[in-house]
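Quick notes on the structure that follows.
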Amino acid sequence: MLLAIDVGNTNTKFAIYDGSAWRGQWRTSTSAARTADEYGPWLGQLLAYQGLGYQEIKACIISTVVPQALFHLRNLSRRYVKAEPMVVGEADVSLGIALRIDNPSEAGADRLVNAVGAFVEHGGPAIVIDSGTATTFDVIAADGALEGVIIAPGINLSLHALHTAAARLPRIELRRPPLGANDKPTALGKNTVHAMQSGVFLGYVELIDGLVRRLKQELEPSLGVMKTIATGGVASLFEGECVSIDIYDDELTSRGLLEIYRRNSDAAAE
């Protein structure tokens, strides 16, 4: 079995693959200070709920955008899985795709993993939207290459900024604005909470649809017709609202980690 760990700025996802299917996927808040011996019992309990144990896991792959967390996760793999982890972004880990960007070393591990996962599962050309701490748009070519990226503030980050920077604006729940007579979220706020929900939620709907439209206008003449894939912690919130999104795939990053592990394991075996 494979333990796949994806460390984002806000959440860390742990997933178990048994060779044919995902047996469990769990999220916890990201903390660079959490030690291997704090992760160990927590993950061990979750494995037990699925009838699994550390002794059944034979390998580990890690992707992280929080470098400070890597030391403890390496130790988690070494102590509990008894395996040296494969780490996305290190020189000995091949992605199997081209990076057609100015400075490939700047590409975050999450961007690389999503590019691989999207191409393997859905093909290219494609736009991958990942909604997390940041909202990112990755453009994948027909051959799987990463053509470029757009980075915008994430929706939760925007809500937090409104609350902390404006003294009279409250901390609110992230949700659609109230529905109107046509069963669509109403744009015009009638109170402070409604006004904030409209500005943030509907603002992000327009951000996503607008940037996808611009990318297609700019790139489809050369890359071909692109499908749009959404993933990430809050992507499902936009389902039914963003007209530009074709596919919602919550397992995209896990699939990317699995494929990178397979490519490097196969290469090592040759």
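Scheme for the structure tokens: letters A, B, ... for chains in order shown; per-chain residue numbers from 1; ligand numbers from 1 in order shown.
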Name all residues at most 12 Å from Ser222 in chain A (count only C-alpha atoms; drop same-chain ones fewer than 5 positions away) and give them as a tab-separated table (two decimals) with N, CA and C atoms, in the first residue's frame.
```tsv
chain	number	residue	atom	x	y	z
A	125	PRO	N	-5.72	19.38	-24.00
A	125	PRO	CA	-5.40	20.53	-23.13
A	125	PRO	C	-6.48	20.78	-22.09
A	141	ALA	N	-1.05	21.48	-21.50
A	141	ALA	CA	-1.09	21.31	-22.95
A	141	ALA	C	-1.56	19.90	-23.33
A	142	ALA	N	-1.74	19.67	-24.64
A	142	ALA	CA	-2.20	18.37	-25.13
A	142	ALA	C	-1.22	17.26	-24.83
A	147	GLU	N	1.92	24.74	-19.10
A	147	GLU	CA	2.17	25.91	-19.94
A	147	GLU	C	2.31	27.19	-19.12
A	215	LEU	N	-8.40	32.98	-20.66
A	215	LEU	CA	-7.42	31.95	-21.01
A	215	LEU	C	-7.80	31.24	-22.31
A	216	LYS	N	-9.08	30.95	-22.45
A	216	LYS	CA	-9.52	30.26	-23.67
A	216	LYS	C	-9.37	31.17	-24.89
A	217	GLN	N	-9.72	32.43	-24.74
A	217	GLN	CA	-9.56	33.36	-25.87
A	217	GLN	C	-8.10	33.48	-26.27
```
Separation of CA of Val93 in chain A and CA of Gly123 in chain A, in Å?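 According to the coordinates, CA of Val93 in chain A and CA of Gly123 in chain A are separated by 21.9 Å.
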Which of these residues is nearest to Thr253 in chain A, using only C-alpha atoms: A:Leu169, A:Val116, A:Leu207, A:Ala145?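 Among the listed residues, the smallest separation from Thr253 in chain A belongs to A:Val116.
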DSSP-assigned helix (DSSP H, G or I) members of range 181-227 of chain A, reported as a ChimeraX atom specification: /A:192-223
Using only C-alpha atoms, determine which residues lie at most 10 Å from range 182-189 of chain A, disregarding the query and same-chain residues fewer than 2 positions distant; provide the list as an MDAnalysis selection string. chainID A and resid 176:180 191:199 201:203 240:241
Would you list, as a ChimeraX atom specification, the residues of range 37-190 of chain A that end up in strand (DSSP E or B) under DSSP run on this structure's backbone? /A:59-64,86-87,99,126-131,134-140,146-153,179,185
Excluding range 105-114 of chain A and its own-chain neighbours fewer than 4 positions away, which residues fall within 7 Å of it when counting only C-alpha atoms? Please give them as a PyMOL selection string. chain A and resi 63-65+88-89+118+252-253+256-257
Measuring atom to atom with only C-alpha atoms, identify which of A:Val212, A:Val66, A:Arg27, A:Ala36 is nearest to Ala126 in chain A.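 Selected residue with least distance to Ala126 in chain A: A:Val212.
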